[in-house]
Amino acid sequence: MPGKVAKIGTFSDWVGMFDDWRKEIGVNRDEIASFKFDTLYGAIETEEIQFGAFKGRRKWENLRQVPTQQMRDALINLIVYQGDTEFASVEQQRHLFESAPTDWDRKAITRVMIEEMRHGWQMCALLVDHFGYSGKVEAQKMLERRAFENKRLLGAFNVDVDNWMDFFTYTDFVDRDGKFQLQMLKYSAFAPLGRSMSYMLREEAFHMGTGNDGLRRIVEAGVIPAWLIQKYLNKWISSSYDLFGTDNSSSAHWAYVWGIKGRYDELQNQHEAQLDELNDYNRHVYRSEVAGSTAPSAAGRGRSSMPRRASRWMTRPTSST
């Protein structure tokens, strides 16, 4: 399939490819095969653009309203990268079903995978419905790349997640980065993209909670040595820092000026944005959250924070291993 010219006429055509992708990578278990995937749009805070050069104008409902081709290209790029991470994470975790520590964990990873697939589905629906032939090509390519062939767009999403310590750390920290990215896109001047984020953010909270709860159980059990836990924290926290992008990023600069991607705390932040430091700013906000992170418990037992010693590990400067 890779290299083919897209022949998607409608989103229904893409759905057929999506079904084939699930079978090909080996995740089309009964619970996943029977799930009804759908495109979901939620509410946005306001119909007006909230930052950047077009602040105060009405948000764009379709591509014809987006003022320039450069802005349309930037939008499609944001959507493609977001969608690519969603499908990649399923491919990364696809071998963990049979080794689940408990029935709860097996159900949790099934739900996480379903929701990651739905997030990718949502991004491809935007591409097919709003971006014409180019969008259809990109939506097809999304299902052609493979994490296990090192073909996903971002390096962190080509790394195997091959055990449950890996999985819990990944979902606590990489999915936390995902929450940050989705929140920044929720402010987008392109209204269909902003409306796509509400359900995705709710679903992302469960993923973080799954990881946080799993790590808490591991630390409390005391059966994995601290040096090994530290290794996984170094691996995925440093990868998450990298996912915020490079310093002095022109892409982040213009995405903010054009109003298509805001700062994580945009609505609460009263300071003028430093356009050449946007990625570094969001990375620091993420680091502050990680240092004292408290995520919803995967088991639905209210809120469950990491034990003090694990929280201390999270605050140390980290590097890839």
# chains A, B, ... in the order shown; residues from 1 in each chain; ligands from 1

call {"tool": "select_by_dssp", "arguments": {"residues": "segment 37-234 of chain A", "states": "strand (DSSP E or B)", "output": "PyMOL selection string"}}
result
chain A and resi 48+58+60+190

call {"tool": "write_last_selection", "arguments": {"atoms": "C-alpha atoms", "output": "PDB file, in the first residue's frame"}}
result
ATOM      1  CA  GLU A  48     -13.823  34.587  18.327  1.00  0.00           C
ATOM      2  CA  ARG A  58     -14.685  35.135  14.007  1.00  0.00           C
ATOM      3  CA  TRP A  60     -12.885  29.987  10.525  1.00  0.00           C
ATOM      4  CA  PHE A 190      -9.837  26.847  12.830  1.00  0.00           C
TER       5      PHE A 190
END

call {"tool": "residues_around", "arguments": {"residues": "segment 253-258 of chain A", "least_positions_apart": "4", "cutoff": "6 Å", "atoms": "only C-alpha atoms", "output": "PDB file with N, CA and C atoms, in the first residue's frame"}}
result
ATOM      1  N   GLY A  52      -3.136  36.314  18.680  1.00  0.00           N
ATOM      2  CA  GLY A  52      -2.483  36.438  17.387  1.00  0.00           C
ATOM      3  C   GLY A  52      -2.985  37.617  16.564  1.00  0.00           C
ATOM      4  N   ALA A  53      -2.566  37.664  15.312  1.00  0.00           N
ATOM      5  CA  ALA A  53      -2.847  38.801  14.440  1.00  0.00           C
ATOM      6  C   ALA A  53      -4.320  38.946  14.100  1.00  0.00           C
ATOM      7  N   GLY A 262      -2.240  27.878  20.391  1.00  0.00           N
ATOM      8  CA  GLY A 262      -1.923  28.798  21.466  1.00  0.00           C
ATOM      9  C   GLY A 262      -0.945  28.218  22.473  1.00  0.00           C
ATOM     10  N   LEU A 275       7.345  35.163  21.249  1.00  0.00           N
ATOM     11  CA  LEU A 275       7.109  34.322  20.086  1.00  0.00           C
ATOM     12  C   LEU A 275       8.253  33.368  19.771  1.00  0.00           C
TER      13      LEU A 275
END

call {"tool": "residues_around", "arguments": {"residues": "segment 181-183 of chain A", "least_positions_apart": "3", "cutoff": "7 Å", "atoms": "only C-alpha atoms", "output": "list in words"}}
result
Asp177, Gly178, Lys186, Met197, Leu201 and Tyr264 of chain A

call {"tool": "write_last_selection", "arguments": {"atoms": "N, CA and C atoms", "output": "tab-separated table (two decimals), in the first residue's frame"}}
result
chain	number	residue	atom	x	y	z
A	177	ASP	N	2.09	14.88	27.67
A	177	ASP	CA	2.46	15.79	26.59
A	177	ASP	C	1.32	15.90	25.58
A	178	GLY	N	0.67	14.75	25.29
A	178	GLY	CA	-0.48	14.78	24.39
A	178	GLY	C	-1.57	15.70	24.89
A	186	LYS	N	-6.92	23.29	21.10
A	186	LYS	CA	-8.31	23.63	21.40
A	186	LYS	C	-8.59	25.12	21.18
A	197	MET	N	-11.20	18.87	20.00
A	197	MET	CA	-10.33	18.64	21.15
A	197	MET	C	-11.08	18.25	22.42
A	201	LEU	N	-9.55	15.44	24.81
A	201	LEU	CA	-8.95	15.78	26.11
A	201	LEU	C	-9.55	14.94	27.23
A	264	TYR	N	-0.30	26.67	26.28
A	264	TYR	CA	-1.09	25.73	27.07
A	264	TYR	C	-2.06	26.46	27.99

call {"tool": "select_by_dssp", "arguments": {"residues": "segment 3-79 of chain A", "states": "alpha helix (DSSP H)", "output": "ChimeraX atom specification"}}
result
/A:11-25,30-33,69-79

call {"tool": "write_last_selection", "arguments": {"atoms": "C-alpha atoms", "output": "compact mmCIF listing (two decimals), in the first residue's frame"}}
result
# COMPACT_ATOMS: atom_id res chain seq x y z
CA PHE A 11 -14.54 9.33 4.46
CA SER A 12 -16.28 5.96 4.17
CA ASP A 13 -13.50 4.90 1.81
CA TRP A 14 -10.96 5.85 4.47
CA VAL A 15 -12.88 3.82 7.08
CA GLY A 16 -12.32 0.71 4.98
CA MET A 17 -8.59 1.38 5.03
CA PHE A 18 -8.77 1.94 8.80
CA ASP A 19 -10.38 -1.49 9.24
CA ASP A 20 -7.62 -3.08 7.15
CA TRP A 21 -4.93 -1.29 9.21
CA ARG A 22 -6.31 -2.69 12.48
CA LYS A 23 -6.22 -6.22 11.08
CA GLU A 24 -2.76 -5.79 9.58
CA ILE A 25 -1.09 -4.63 12.80
CA ASP A 30 -13.23 -8.63 19.66
CA GLU A 31 -13.54 -5.62 21.99
CA ILE A 32 -11.94 -3.35 19.42
CA ALA A 33 -13.64 -4.84 16.36
CA GLN A 69 -2.16 29.23 1.72
CA GLN A 70 0.73 29.33 4.21
CA MET A 71 -1.79 29.19 7.04
CA ARG A 72 -3.67 26.31 5.39
CA ASP A 73 -0.39 24.43 5.01
CA ALA A 74 0.46 25.02 8.67
CA LEU A 75 -2.96 23.76 9.72
CA ILE A 76 -2.73 20.55 7.71
CA ASN A 77 0.76 19.97 9.12
CA LEU A 78 -0.49 20.28 12.72
CA ILE A 79 -3.35 17.87 12.07

call {"tool": "atom_distance", "arguments": {"atom1": "atom CA of Asn279 of chain A", "atom2": "atom CA of Gly209 of chain A"}}
result
24.8 Å

call {"tool": "closest_residue", "arguments": {"among": "A:Gly222, A:Met117, A:Trp164, A:Leu228", "to": "Ser99 of chain A", "atoms": "only C-alpha atoms"}}
result
A:Trp164

call {"tool": "residues_around", "arguments": {"residues": "Thr46 of chain A", "least_positions_apart": "3", "cutoff": "10 Å", "atoms": "only C-alpha atoms", "output": "PyMOL selection string"}}
result
chain A and resi 43+49-50+58-59+187+191

call {"tool": "residues_around", "arguments": {"residues": "Asp280 of chain A", "least_positions_apart": "5", "cutoff": "8 Å", "atoms": "only C-alpha atoms", "output": "list in words"}}
result
Phe244, Thr246 and Asp247 of chain A

call {"tool": "write_last_selection", "arguments": {"atoms": "N, CA and C atoms", "output": "compact mmCIF listing (two decimals), in the first residue's frame"}}
result
# COMPACT_ATOMS: atom_id res chain seq x y z
N PHE A 244 7.95 18.83 22.59
CA PHE A 244 7.49 20.22 22.53
C PHE A 244 8.15 20.99 21.40
N THR A 246 11.67 22.42 18.99
CA THR A 246 12.95 23.10 19.17
C THR A 246 12.75 24.51 19.72
N ASP A 247 13.79 25.03 20.35
CA ASP A 247 13.79 26.42 20.76
C ASP A 247 13.84 27.32 19.52

call {"tool": "residues_around", "arguments": {"residues": "Arg106 of chain A", "least_positions_apart": "4", "cutoff": "12 Å", "atoms": "only C-alpha atoms", "output": "PyMOL selection string"}}
result
chain A and resi 29+31+93-102+110-113+164+167+210

call {"tool": "closest_residue", "arguments": {"among": "A:Val219, A:Ala88, A:Ala273, A:Ile229", "to": "Leu153 of chain A", "atoms": "only C-alpha atoms"}}
result
A:Ala88

call {"tool": "closest_residue", "arguments": {"among": "A:Gln65, A:Gln270, A:Ser240, A:Asn212", "to": "Phe168 of chain A", "atoms": "only C-alpha atoms"}}
result
A:Asn212

call {"tool": "residues_around", "arguments": {"residues": "segment 132-143 of chain A", "least_positions_apart": "3", "cutoff": "9 Å", "atoms": "only C-alpha atoms", "output": "list of chain:residue names"}}
result
A:Pro2, A:Gly3, A:Lys4, A:Val5, A:Ala6, A:Lys7, A:Ile8, A:Gly9, A:Thr10, A:Phe11, A:Trp14, A:Met17, A:Phe18, A:Trp21, A:Ile76, A:Val80, A:Gly83, A:Asp84, A:Phe87, A:Gly120, A:Met123, A:Cys124, A:Ala125, A:Leu126, A:Leu127, A:Val128, A:Asp129, A:Arg146, A:Arg152

call {"tool": "closest_residue", "arguments": {"among": "A:Thr68, A:Gln122, A:Ser288, A:Asn163", "to": "Glu86 of chain A", "atoms": "only C-alpha atoms"}}
result
A:Gln122
